[in-house]
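A.B. asks: Below is the file structure08.cif, which contains mmCIF, C-alpha atoms and all ligand atoms.
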data_protein
#
loop_
_atom_site.label_atom_id
_atom_site.label_comp_id
_atom_site.auth_asym_id
_atom_site.auth_seq_id
_atom_site.Cartn_x
_atom_site.Cartn_y
_atom_site.Cartn_z
CA MET J 1478 -113.34 176.15 -208.47
CA ASN J 1479 -115.72 175.43 -211.37
CA GLU J 1480 -115.78 177.14 -214.76
CA PHE J 1481 -118.12 179.90 -213.54
CA ASP J 1482 -115.85 180.64 -210.57
CA LEU J 1483 -112.90 180.96 -212.95
CA ILE J 1484 -114.77 183.35 -215.25
CA ASN J 1485 -115.92 185.46 -212.27
CA HIS J 1486 -112.38 185.55 -210.91
CA ILE J 1487 -110.94 186.77 -214.23
CA LYS J 1488 -113.77 189.27 -214.59
CA LYS J 1489 -113.08 190.80 -211.17
CA LYS J 1490 -109.29 190.66 -211.31
CA TYR J 1491 -109.08 192.54 -214.60
CA SER J 1492 -112.32 194.58 -214.26
CA LEU J 1493 -113.92 193.11 -217.38
CA GLY J 1494 -117.46 194.46 -217.28
CA ARG J 1495 -118.67 193.07 -220.61
CA ILE J 1496 -118.14 189.38 -219.75
CA GLY J 1497 -121.03 187.30 -218.47
CA ASP J 1498 -123.96 187.41 -220.85
CA ASP J 1499 -124.70 184.99 -223.70
CA CYS J 1500 -122.93 187.40 -226.04
CA ALA J 1501 -120.78 190.47 -225.57
CA VAL J 1502 -122.69 193.58 -226.66
CA LEU J 1503 -120.45 196.14 -228.38
CA PRO J 1504 -121.35 199.55 -229.80
CA MET J 1505 -121.37 199.48 -233.61
CA ASN J 1506 -123.01 202.70 -234.84
CA ASP J 1507 -125.87 205.06 -233.92
CA THR J 1508 -128.59 202.52 -234.58
CA THR J 1509 -127.04 199.12 -234.00
CA ASP J 1510 -125.10 197.12 -231.41
CA ARG J 1511 -122.82 194.29 -232.41
CA LEU J 1512 -123.06 190.89 -230.68
CA ILE J 1513 -120.22 188.38 -230.46
CA THR J 1514 -120.00 184.91 -228.97
CA ALA J 1515 -117.49 182.03 -228.91
CA ASP J 1516 -118.05 178.32 -228.23
CA MET J 1517 -115.75 175.33 -228.27
CA LEU J 1518 -116.64 171.70 -228.92
CA VAL J 1519 -114.08 169.06 -227.94
CA GLU J 1520 -114.13 165.44 -229.09
CA ASN J 1521 -115.05 163.00 -226.28
CA VAL J 1522 -116.19 165.91 -224.10
CA ASP J 1523 -118.88 167.61 -226.19
CA PHE J 1524 -119.38 164.94 -228.84
CA ARG J 1525 -118.25 161.43 -229.74
CA LEU J 1526 -117.41 160.46 -233.30
CA ASP J 1527 -118.94 157.00 -232.85
CA TRP J 1528 -122.27 158.40 -231.64
CA THR J 1529 -122.80 161.13 -234.19
CA ARG J 1530 -122.38 161.96 -237.86
CA THR J 1531 -119.67 164.26 -239.11
CA ALA J 1532 -122.20 166.68 -240.63
CA PHE J 1533 -123.97 166.92 -237.26
CA ILE J 1534 -120.76 168.12 -235.57
CA GLY J 1535 -120.55 170.98 -238.09
CA HIS J 1536 -124.21 171.77 -237.55
CA LYS J 1537 -123.98 171.73 -233.75
CA ALA J 1538 -120.82 173.85 -233.65
CA LEU J 1539 -122.69 176.63 -235.42
CA ALA J 1540 -126.01 176.00 -233.66
CA VAL J 1541 -124.64 176.56 -230.14
CA SER J 1542 -123.24 179.96 -231.13
CA LEU J 1543 -126.41 180.94 -232.99
CA SER J 1544 -128.31 180.01 -229.84
CA ASP J 1545 -126.33 182.63 -227.89
CA ILE J 1546 -127.14 185.26 -230.54
CA ALA J 1547 -130.82 184.20 -230.30
CA ALA J 1548 -130.67 184.60 -226.51
CA MET J 1549 -129.96 188.31 -227.04
CA GLY J 1550 -132.70 188.62 -229.67
CA GLY J 1551 -130.04 189.31 -232.29
CA VAL J 1552 -129.69 188.68 -236.00
CA PRO J 1553 -126.65 186.49 -236.81
CA LYS J 1554 -124.41 187.78 -239.62
CA TYR J 1555 -120.85 186.44 -239.72
CA ALA J 1556 -118.90 183.49 -238.40
CA LEU J 1557 -115.33 182.37 -237.80
CA LEU J 1558 -114.56 178.66 -237.58
CA SER J 1559 -111.30 177.27 -236.18
CA LEU J 1560 -110.43 173.59 -236.29
CA ALA J 1561 -107.73 171.55 -234.57
CA ILE J 1562 -107.62 168.34 -236.58
CA PRO J 1563 -105.96 165.06 -235.61
CA GLU J 1564 -104.13 163.03 -238.27
CA LYS J 1565 -106.82 160.31 -238.25
CA LEU J 1566 -109.44 162.79 -239.51
CA TRP J 1567 -107.30 164.63 -242.02
CA ASN J 1568 -109.11 163.38 -245.10
CA GLU J 1569 -111.33 164.99 -247.69
CA GLU J 1570 -114.45 163.00 -246.92
CA PHE J 1571 -114.50 163.93 -243.23
CA LEU J 1572 -113.78 167.61 -243.79
CA GLU J 1573 -116.25 167.93 -246.69
CA GLU J 1574 -118.99 166.41 -244.59
CA PHE J 1575 -118.19 168.60 -241.59
CA TYR J 1576 -118.33 171.80 -243.65
CA GLU J 1577 -121.49 170.63 -245.42
CA GLY J 1578 -123.24 170.25 -242.06
CA TRP J 1579 -122.01 173.68 -240.97
CA HIS J 1580 -123.04 175.36 -244.25
CA HIS J 1581 -126.45 173.79 -244.42
CA LEU J 1582 -127.45 175.65 -241.26
CA ALA J 1583 -125.48 178.78 -242.20
CA ARG J 1584 -127.30 179.09 -245.55
CA GLU J 1585 -130.65 178.76 -243.85
CA LEU J 1586 -129.92 181.77 -241.66
CA ASN J 1587 -127.80 183.79 -244.05
CA VAL J 1588 -124.64 183.53 -241.98
CA GLU J 1589 -121.38 184.11 -243.85
CA LEU J 1590 -118.14 182.36 -242.96
CA VAL J 1591 -115.52 185.12 -242.93
CA GLY J 1592 -112.48 183.36 -241.47
CA GLY J 1593 -111.03 181.02 -238.90
CA ASP J 1594 -107.92 178.99 -238.32
CA ILE J 1595 -106.67 175.44 -238.82
CA SER J 1596 -104.11 173.60 -236.74
CA ARG J 1597 -103.21 170.03 -235.83
CA THR J 1598 -103.86 168.19 -232.62
CA PRO J 1599 -102.28 164.94 -231.42
CA SER J 1600 -105.56 163.15 -230.73
CA ARG J 1601 -108.89 164.89 -230.40
CA PHE J 1602 -110.84 166.97 -232.89
CA VAL J 1603 -111.56 170.47 -231.53
CA VAL J 1604 -113.97 172.97 -233.08
CA ASP J 1605 -114.03 176.62 -232.06
CA SER J 1606 -116.94 178.68 -233.33
CA THR J 1607 -117.36 182.45 -233.23
CA VAL J 1608 -120.49 184.19 -234.45
CA VAL J 1609 -121.08 187.91 -234.88
CA GLY J 1610 -124.59 189.35 -234.95
CA GLU J 1611 -126.49 192.61 -234.71
CA VAL J 1612 -129.32 193.99 -232.62
CA PRO J 1613 -131.01 197.43 -232.55
CA LYS J 1614 -129.06 199.76 -230.26
CA GLY J 1615 -129.77 199.28 -226.56
CA LYS J 1616 -132.29 196.50 -227.28
CA ALA J 1617 -130.22 193.35 -226.64
CA ALA J 1618 -132.07 191.06 -224.22
CA LEU J 1619 -129.64 190.79 -221.30
CA ARG J 1620 -129.64 188.38 -218.37
CA SER J 1621 -129.75 191.25 -215.92
CA GLY J 1622 -133.18 192.90 -216.29
CA ALA J 1623 -135.52 190.50 -214.48
CA ARG J 1624 -137.62 192.11 -211.70
CA PRO J 1625 -139.82 190.62 -208.94
CA GLY J 1626 -143.30 189.95 -210.31
CA ASP J 1627 -142.10 189.24 -213.86
CA SER J 1628 -143.43 186.07 -215.44
CA ILE J 1629 -140.98 183.34 -216.47
CA TYR J 1630 -141.47 181.66 -219.83
CA VAL J 1631 -139.77 178.93 -221.86
CA THR J 1632 -140.20 178.68 -225.61
CA ALA J 1633 -140.90 174.93 -225.83
CA PRO J 1634 -141.02 171.67 -223.88
CA LEU J 1635 -137.64 170.70 -222.44
CA GLY J 1636 -135.38 167.74 -221.78
CA ALA J 1637 -135.14 166.21 -225.27
CA ALA J 1638 -131.41 166.77 -225.78
CA ALA J 1639 -130.55 165.35 -222.35
CA ALA J 1640 -132.86 162.38 -222.92
CA GLY J 1641 -131.13 161.78 -226.26
CA LEU J 1642 -127.74 161.84 -224.53
CA ALA J 1643 -128.98 159.39 -221.89
CA ILE J 1644 -130.13 157.03 -224.64
CA LEU J 1645 -126.78 157.25 -226.40
CA LYS J 1646 -124.86 156.74 -223.13
CA SER J 1647 -126.89 153.70 -222.17
CA GLY J 1648 -125.90 152.12 -225.46
CA ARG J 1649 -129.43 150.82 -225.76
CA ARG J 1650 -132.79 152.02 -226.92
CA PRO J 1651 -135.56 152.41 -224.33
CA ASP J 1652 -138.03 149.59 -224.48
CA VAL J 1653 -140.68 151.33 -226.51
CA ALA J 1654 -142.48 150.46 -229.69
CA ASN J 1655 -142.16 153.94 -231.10
CA GLN J 1656 -138.67 154.20 -232.58
CA GLU J 1657 -139.53 157.64 -233.97
CA ASP J 1658 -139.55 159.12 -230.48
CA VAL J 1659 -136.11 157.70 -229.78
CA ASN J 1660 -134.77 159.15 -233.01
CA GLU J 1661 -136.28 162.52 -232.24
CA LEU J 1662 -134.59 162.61 -228.81
CA ILE J 1663 -131.22 161.53 -230.22
CA LEU J 1664 -131.42 164.15 -232.97
CA ALA J 1665 -132.27 166.81 -230.37
CA GLN J 1666 -128.90 165.97 -228.77
CA LEU J 1667 -126.82 165.58 -231.94
CA ARG J 1668 -128.37 168.12 -234.28
CA PRO J 1669 -130.10 170.84 -232.21
CA ASP J 1670 -131.67 173.83 -233.95
CA PRO J 1671 -131.18 177.35 -232.58
CA ARG J 1672 -134.25 179.51 -231.97
CA THR J 1673 -133.03 182.38 -234.13
CA ILE J 1674 -136.36 183.69 -235.46
CA THR J 1675 -138.16 183.11 -232.14
CA GLY J 1676 -135.45 185.07 -230.29
CA ILE J 1677 -135.82 188.03 -232.64
CA GLN J 1678 -139.63 187.92 -232.29
CA ILE J 1679 -139.51 187.80 -228.49
CA ARG J 1680 -137.07 190.70 -228.34
CA SER J 1681 -139.01 192.89 -230.77
CA ASN J 1682 -142.62 192.05 -229.79
CA LEU J 1683 -142.58 191.14 -226.09
CA GLU J 1684 -139.99 193.43 -224.48
CA PRO J 1685 -138.47 190.67 -222.32
CA SER J 1686 -136.80 191.97 -219.15
CA ALA J 1687 -134.22 189.13 -219.39
CA MET J 1688 -133.44 186.25 -221.71
CA VAL J 1689 -130.97 183.37 -221.86
CA ASP J 1690 -130.69 180.21 -223.94
CA ILE J 1691 -131.11 176.89 -222.17
CA SER J 1692 -127.69 175.41 -222.84
CA ASP J 1693 -126.70 174.34 -219.32
CA GLY J 1694 -130.21 173.27 -218.23
CA LEU J 1695 -133.26 175.17 -216.93
CA SER J 1696 -132.13 175.07 -213.28
CA SER J 1697 -128.66 176.47 -214.11
CA ASP J 1698 -129.75 178.98 -216.70
CA LEU J 1699 -132.54 180.36 -214.49
CA HIS J 1700 -129.90 180.82 -211.78
CA HIS J 1701 -127.82 182.77 -214.30
CA ILE J 1702 -130.72 185.18 -214.79
CA CYS J 1703 -131.27 185.43 -211.02
CA GLU J 1704 -127.59 186.14 -210.30
CA ALA J 1705 -127.27 188.71 -213.08
CA SER J 1706 -130.56 190.43 -212.11
CA GLY J 1707 -130.18 190.24 -208.31
CA VAL J 1708 -133.51 188.42 -207.90
CA GLY J 1709 -134.92 184.98 -207.12
CA ALA J 1710 -137.50 182.78 -208.83
CA MET J 1711 -140.35 180.43 -208.12
CA ILE J 1712 -141.33 177.79 -210.64
CA TYR J 1713 -144.18 175.28 -210.62
CA ALA J 1714 -143.30 171.63 -211.30
CA ASP J 1715 -146.68 171.09 -212.98
CA ALA J 1716 -146.03 173.96 -215.36
CA VAL J 1717 -142.59 172.85 -216.56
CA PRO J 1718 -143.28 171.42 -220.02
CA ILE J 1719 -141.67 168.04 -220.73
CA HIS J 1720 -140.86 167.14 -224.32
CA PRO J 1721 -143.66 164.88 -225.64
CA ALA J 1722 -141.22 162.27 -226.99
CA ILE J 1723 -139.91 161.84 -223.41
CA ASP J 1724 -143.45 161.60 -222.15
CA ARG J 1725 -144.15 158.72 -224.52
CA THR J 1726 -141.08 156.71 -223.49
CA LEU J 1727 -140.68 154.71 -220.32
CA TYR J 1728 -139.02 157.18 -217.97
CA SER J 1729 -140.67 157.49 -214.56
CA SER J 1730 -142.55 160.74 -214.05
CA ASN J 1731 -139.87 161.80 -211.57
CA SER J 1732 -136.97 161.37 -213.98
CA LYS J 1733 -138.98 163.03 -216.77
CA LEU J 1734 -139.22 166.16 -214.66
CA GLU J 1735 -135.52 165.91 -213.77
CA LEU J 1736 -134.63 165.87 -217.48
CA ALA J 1737 -136.71 168.98 -218.12
CA LEU J 1738 -135.35 170.80 -215.03
CA HIS J 1739 -131.67 169.97 -215.34
CA GLY J 1740 -131.05 168.65 -218.86
CA GLY J 1741 -128.81 170.86 -220.96
CA GLU J 1742 -128.41 171.63 -224.64
CA ASP J 1743 -132.03 172.04 -225.64
CA LEU J 1744 -131.23 175.46 -227.14
CA GLU J 1745 -134.69 176.69 -226.23
CA LEU J 1746 -135.02 180.19 -224.78
CA LEU J 1747 -135.90 181.20 -221.22
CA PHE J 1748 -137.22 184.73 -220.77
CA THR J 1749 -138.86 186.95 -218.19
CA VAL J 1750 -141.40 189.66 -218.88
CA ASP J 1751 -143.58 192.15 -217.08
CA GLU J 1752 -146.88 190.84 -218.39
CA ASN J 1753 -148.88 193.78 -216.99
CA LYS J 1754 -147.61 195.77 -219.95
CA PHE J 1755 -149.62 193.63 -222.34
CA SER J 1756 -153.18 192.58 -222.92
CA GLY J 1757 -153.85 188.82 -223.01
CA GLY J 1758 -153.03 186.34 -225.73
CA ARG J 1759 -149.54 187.43 -226.72
CA PHE J 1760 -147.76 184.68 -224.86
CA ASP J 1761 -150.03 181.79 -225.78
CA ARG J 1762 -147.40 180.00 -227.88
CA PHE J 1763 -144.95 179.92 -224.94
CA HIS J 1764 -144.99 178.12 -221.59
CA ARG J 1765 -145.35 180.13 -218.38
CA ILE J 1766 -143.44 178.22 -215.69
CA GLY J 1767 -143.38 180.66 -212.77
CA GLU J 1768 -142.41 184.13 -211.63
CA ILE J 1769 -139.47 186.18 -210.46
CA THR J 1770 -139.26 186.88 -206.71
CA ALA J 1771 -137.27 189.12 -204.38
CA ASN J 1772 -135.70 186.03 -202.75
CA VAL J 1773 -132.23 186.89 -204.07
CA GLY J 1774 -130.30 183.98 -205.59
CA ILE J 1775 -132.88 181.36 -204.60
CA VAL J 1776 -134.91 179.36 -207.12
CA GLU J 1777 -137.84 177.63 -205.48
CA LEU J 1778 -139.66 174.66 -207.03
CA ILE J 1779 -143.28 174.21 -206.05
CA ALA J 1780 -144.49 170.61 -206.30
CA ASP J 1781 -147.63 169.12 -204.71
CA GLY J 1782 -148.27 172.38 -202.87
CA LYS J 1783 -144.83 172.30 -201.19
CA GLY J 1784 -141.80 174.42 -201.99
CA ARG J 1785 -138.16 173.32 -202.02
CA GLU J 1786 -135.01 175.01 -203.17
CA LEU J 1787 -133.96 174.02 -206.68
CA THR J 1788 -130.18 173.90 -206.87
CA PRO J 1789 -128.53 174.18 -210.27
CA LYS J 1790 -127.52 170.76 -211.57
CA GLY J 1791 -126.78 171.58 -215.17
CA TYR J 1792 -123.71 170.74 -217.14
CA LEU J 1793 -120.33 171.75 -215.69
CA HIS J 1794 -117.08 170.71 -217.32
CA PHE J 1795 -115.10 170.72 -214.06
P1 LIG O 1801 -122.85 180.17 -222.86
O1 LIG O 1801 -123.16 178.81 -222.32
O2 LIG O 1801 -124.04 181.07 -222.95
O3 LIG O 1801 -122.07 180.11 -224.18
P2 LIG O 1801 -120.75 180.23 -220.94
O4 LIG O 1801 -121.38 179.57 -219.76
O5 LIG O 1801 -119.86 179.43 -221.84
O6 LIG O 1801 -121.91 180.90 -221.82
O7 LIG O 1801 -119.94 181.50 -220.48
C1 LIG O 1801 -120.49 182.44 -219.59
C2 LIG O 1801 -119.85 183.79 -219.86
O8 LIG O 1801 -118.44 183.74 -219.63
C3 LIG O 1801 -120.01 184.30 -221.29
O9 LIG O 1801 -120.18 185.70 -221.24
C4 LIG O 1801 -118.69 183.93 -221.92
O10 LIG O 1801 -118.37 184.78 -223.02
C5 LIG O 1801 -117.71 184.11 -220.79
N1 LIG O 1801 -116.53 183.25 -220.90
C6 LIG O 1801 -116.52 181.89 -221.02
N2 LIG O 1801 -115.26 181.42 -221.05
C7 LIG O 1801 -114.44 182.49 -220.98
C8 LIG O 1801 -113.02 182.67 -220.96
N3 LIG O 1801 -112.18 181.63 -221.05
N4 LIG O 1801 -112.54 183.93 -220.84
C9 LIG O 1801 -113.38 184.98 -220.77
N5 LIG O 1801 -114.72 184.88 -220.76
C10 LIG O 1801 -115.26 183.66 -220.86
MG MG O 1802 -125.87 180.95 -223.73
#
What would you get if you wrote out this structure as structure tokens?

C.D. replies:
Amino acid sequence: MNEFDLINHIKKKYSLGRIGDDCAVLPMNDTTDRLITADMLVENVDFRLDWTRTAFIGHKALAVSLSDIAAMGGVPKYALLSLAIPEKLWNEEFLEEFYEGWHHLARELNVELVGGDISRTPSRFVVDSTVVGEVPKGKAALRSGARPGDSIYVTAPLGAAAAGLAILKSGRRPDVANQEDVNELILAQLRPDPRTITGIQIRSNLEPSAMVDISDGLSSDLHHICEASGVGAMIYADAVPIHPAIDRTLYSSNSKLELALHGGEDLELLFTVDENKFSGGRFDRFHRIGEITANVGIVELIADGKGRELTPKGYLHF
């Protein structure tokens, strides 16, 4: 049983219909729905103190939740932040720096910290982030609206965060002259930025039939849309955009594509849309990677004129 099996089991057993999208969508008033999302970062699972900076942990804790609000096309408003702090980190410098990283991003997007909790932990630092947002009533971009024939888009080239993680894991820098590229990839892993404004624009201007953030990896997150919508998908290997900093480093073309297909944590957005509703030009800033099919639950990858099934290989904790 993996984490998705557990969530599905709980959902079924207790008939919990609202679980399963990037955020829960709750009625707020006649014009607005409320969005709410929770994310947990655990030391040595989701980050390592010796690979990152304290301020980046604060930034990322907020960014992953903002990314879920963005995936619904929502406007973030309020946040709760709970910390379990080990003795070794209970000092002013660490905590100041953590909150500074958190607040720097929060100020940018007008998010107000309204509460949280603090406890101790015997060894590892744990951060639990909750963000509340708003979206016009009935307009949240769900995972469940994709229909056969819809186009599939991603907001930007992919794979940078996973490439950054691979660099950090290897303990070495790829053998390239351009250190800037390496830094860019590492920062994409350690200090990712949510697509808040882009998410709001897509929701309000493009009427997406489904949207999700790419947190587990394109292959996994596209499966999430397919499962929720009861559809399949076909994507073209040539059309999957690979982050340019990856392209300039020494990865083989095969592993570059693997990073873009399966690498998690980019915090870009993946959306589907019935393009027939629009005249040309509107989608030029995004990357069309394929289309939704009636082949329920199956994502097909077309490469060199041949199709093969693309199984989800994104990040699973268990
Ligand atoms: P995301 O990566 O978008 O944050 P997850 O993959 O973590 O989403 O979770 C998928 C869905 O399951 C979400 O709707 C989330 O709120 C829900 N979920 C995750 N963990 C739990 C849990 N322990 N209990 C109930 N629902 C959960
Ligand atoms: Mg998400």

A.B. asks: Let me see if you get this right: every residue at most 6 Å from ligand MG 1802 (chain O), counting only C-alpha atoms and all ligand atoms, written as a compact mmCIF listing (two decimals) with C-alpha atoms, in the coordinates of the input.

C.D. replies:
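Produced file out_25.txt, reproduced below:
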# COMPACT_ATOMS: atom_id res chain seq x y z
CA ASP J 1499 -124.70 184.99 -223.70
CA ASP J 1545 -126.33 182.63 -227.89
CA VAL J 1689 -130.97 183.37 -221.86
CA ASP J 1690 -130.69 180.21 -223.94
CA SER J 1692 -127.69 175.41 -222.84

A.B. asks: For Ile1562 in chain J, list every protein, DNA or RNA residue within 7 Å, evaluated using only C-alpha atoms, and leave out those in the same chain fewer than 2 positions away; present the list as a PyMOL selection string.

C.D. replies: chain J and resi 1560+1564+1566-1567+1596-1598+1602-1603

A.B. asks: Output C-alpha atoms for every residue in that selection, as a PDB file, in the frame of the given file.

C.D. replies:
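Output below, filename part.pdb:
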ATOM      1  CA  LEU J1560    -110.430 173.590-236.290  1.00  0.00           C
ATOM      2  CA  GLU J1564    -104.130 163.030-238.270  1.00  0.00           C
ATOM      3  CA  LEU J1566    -109.440 162.790-239.510  1.00  0.00           C
ATOM      4  CA  TRP J1567    -107.300 164.630-242.020  1.00  0.00           C
ATOM      5  CA  SER J1596    -104.110 173.600-236.740  1.00  0.00           C
ATOM      6  CA  ARG J1597    -103.210 170.030-235.830  1.00  0.00           C
ATOM      7  CA  THR J1598    -103.860 168.190-232.620  1.00  0.00           C
ATOM      8  CA  PHE J1602    -110.840 166.970-232.890  1.00  0.00           C
ATOM      9  CA  VAL J1603    -111.560 170.470-231.530  1.00  0.00           C
TER      10      VAL J1603
END

A.B. asks: Please build the interface table for chain J against ligand LIG 1801 (chain O) with a cut-off of 8 Å, listing for each qualifying residue the nearest atom pair and the distance in Å to one decimal; count all atoms listed in the file, order rows by chain and increasing number, and write it as CSV.

C.D. replies:
residue,atom,partner,partner_atom,distance
J:Glu1480,CA,O:LIG1801,N2,7.6
J:Phe1481,CA,O:LIG1801,C1,7.0
J:Ile1484,CA,O:LIG1801,C10,5.6
J:Asn1485,CA,O:LIG1801,O8,8.0
J:Ile1487,CA,O:LIG1801,C9,7.2
J:Lys1488,CA,O:LIG1801,C9,7.5
J:Arg1495,CA,O:LIG1801,O9,7.5
J:Ile1496,CA,O:LIG1801,O9,4.5
J:Gly1497,CA,O:LIG1801,O9,3.3
J:Asp1498,CA,O:LIG1801,O9,4.2
J:Asp1499,CA,O:LIG1801,O2,4.0
J:Cys1500,CA,O:LIG1801,O9,5.8
J:Ala1501,CA,O:LIG1801,O9,6.5
J:Thr1514,CA,O:LIG1801,O10,6.2
J:Ala1515,CA,O:LIG1801,O10,6.6
J:Asp1516,CA,O:LIG1801,O3,6.0
J:Val1541,CA,O:LIG1801,O3,7.4
J:Ser1542,CA,O:LIG1801,O3,7.0
J:Asp1545,CA,O:LIG1801,O2,5.7
J:Val1689,CA,O:LIG1801,O2,7.4
J:Asp1690,CA,O:LIG1801,O2,6.8
J:Ser1692,CA,O:LIG1801,O1,5.7
J:Asp1693,CA,O:LIG1801,O1,6.4

A.B. asks: Using CA of Glu1589 in chain J and CA of Ala1548 in chain J as the two end points, give the distance in Å to one decimal.

C.D. replies: 19.7 Å

A.B. asks: Show me, as a tab-separated table, the residues of range 1580-1633 of chain J having an atom within 6 Å of range 1744-1758 of chain J, each with the closest atom pair and its distance in Å, using all atoms listed in the file.

C.D. replies:
residue	atom	partner	partner_atom	distance
J:Asp1627	CA	J:Asp1751	CA	4.6
J:Ser1628	CA	J:Val1750	CA	5.4
J:Ile1629	CA	J:Thr1749	CA	4.5
J:Tyr1630	CA	J:Phe1748	CA	5.3
J:Val1631	CA	J:Leu1747	CA	4.5
J:Thr1632	CA	J:Leu1746	CA	5.5

A.B. asks: Which is closest to Thr1508 in chain J among J:Ile1769, J:Ala1640, J:Val1612, J:Leu1736, if we use all atoms listed in the file?

C.D. replies: J:Val1612

A.B. asks: Any idea what's packed within 6 Å of Ala1687 in chain J, counting only C-alpha atoms, ignoring anything in its chain fewer than 4 positions away? Could you give it as a CSV table (one decimal) with C-alpha atoms, in the frame of the given file?

C.D. replies:
chain,number,residue,atom,x,y,z
J,1618,ALA,CA,-132.1,191.1,-224.2
J,1619,LEU,CA,-129.6,190.8,-221.3
J,1620,ARG,CA,-129.6,188.4,-218.4
J,1622,GLY,CA,-133.2,192.9,-216.3
J,1623,ALA,CA,-135.5,190.5,-214.5
J,1748,PHE,CA,-137.2,184.7,-220.8
J,1749,THR,CA,-138.9,187.0,-218.2

A.B. asks: Calculate how many Å separate CA of Leu1483 in chain J from CA of Met1517 in chain J, rounding to one decimal.

C.D. replies: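 It comes out at 16.6 Å.
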
A.B. asks: Select, from J:Gly1494, J:Gly1676, J:Gly1592, J:Gly1741, the residue with the minimum atom-to-atom distance to Pro1553 in chain J, counting all atoms listed in the file.

C.D. replies: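 With all atoms listed in the file as the atom set, the closest residue is J:Gly1676.
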
A.B. asks: Around (-140.6, 164.7, -216.0) in the file's frame, which residues reach within 9 Å when counting only C-alpha atoms? Return as number ranges by chain?

C.D. replies: J: 1636, 1714, 1717-1720, 1723-1724, 1728-1738

A.B. asks: Counting only C-alpha atoms, which residue out of J:Arg1725, J:Lys1790, J:Arg1668, J:His1580 sits closest to Leu1699 in chain J?

C.D. replies: J:Lys1790

A.B. asks: Which residues are near Ala1540 in chain J? Cut-off 7 Å, only C-alpha atoms, ignore same chain within fewer than 3 positions. Put them as a PyMOL selection string.

C.D. replies: chain J and resi 1536-1537+1543-1544+1669-1671

A.B. asks: What does the file look like for those residues with C-alpha atoms, as a tab-separated table (two decimals), in the frame of the given file?

C.D. replies:
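Listed below is the output, part-v7.tsv:
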chain	number	residue	atom	x	y	z
J	1536	HIS	CA	-124.21	171.77	-237.55
J	1537	LYS	CA	-123.98	171.73	-233.75
J	1543	LEU	CA	-126.41	180.94	-232.99
J	1544	SER	CA	-128.31	180.01	-229.84
J	1669	PRO	CA	-130.10	170.84	-232.21
J	1670	ASP	CA	-131.67	173.83	-233.95
J	1671	PRO	CA	-131.18	177.35	-232.58

A.B. asks: With distances taken over all atoms listed in the file, which residue among J:Val1522, J:Ile1775, J:Leu1662, J:Ala1716 lies nearest Ile1644 in chain J?

C.D. replies: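 Under the stated criterion, the closest residue is J:Leu1662.
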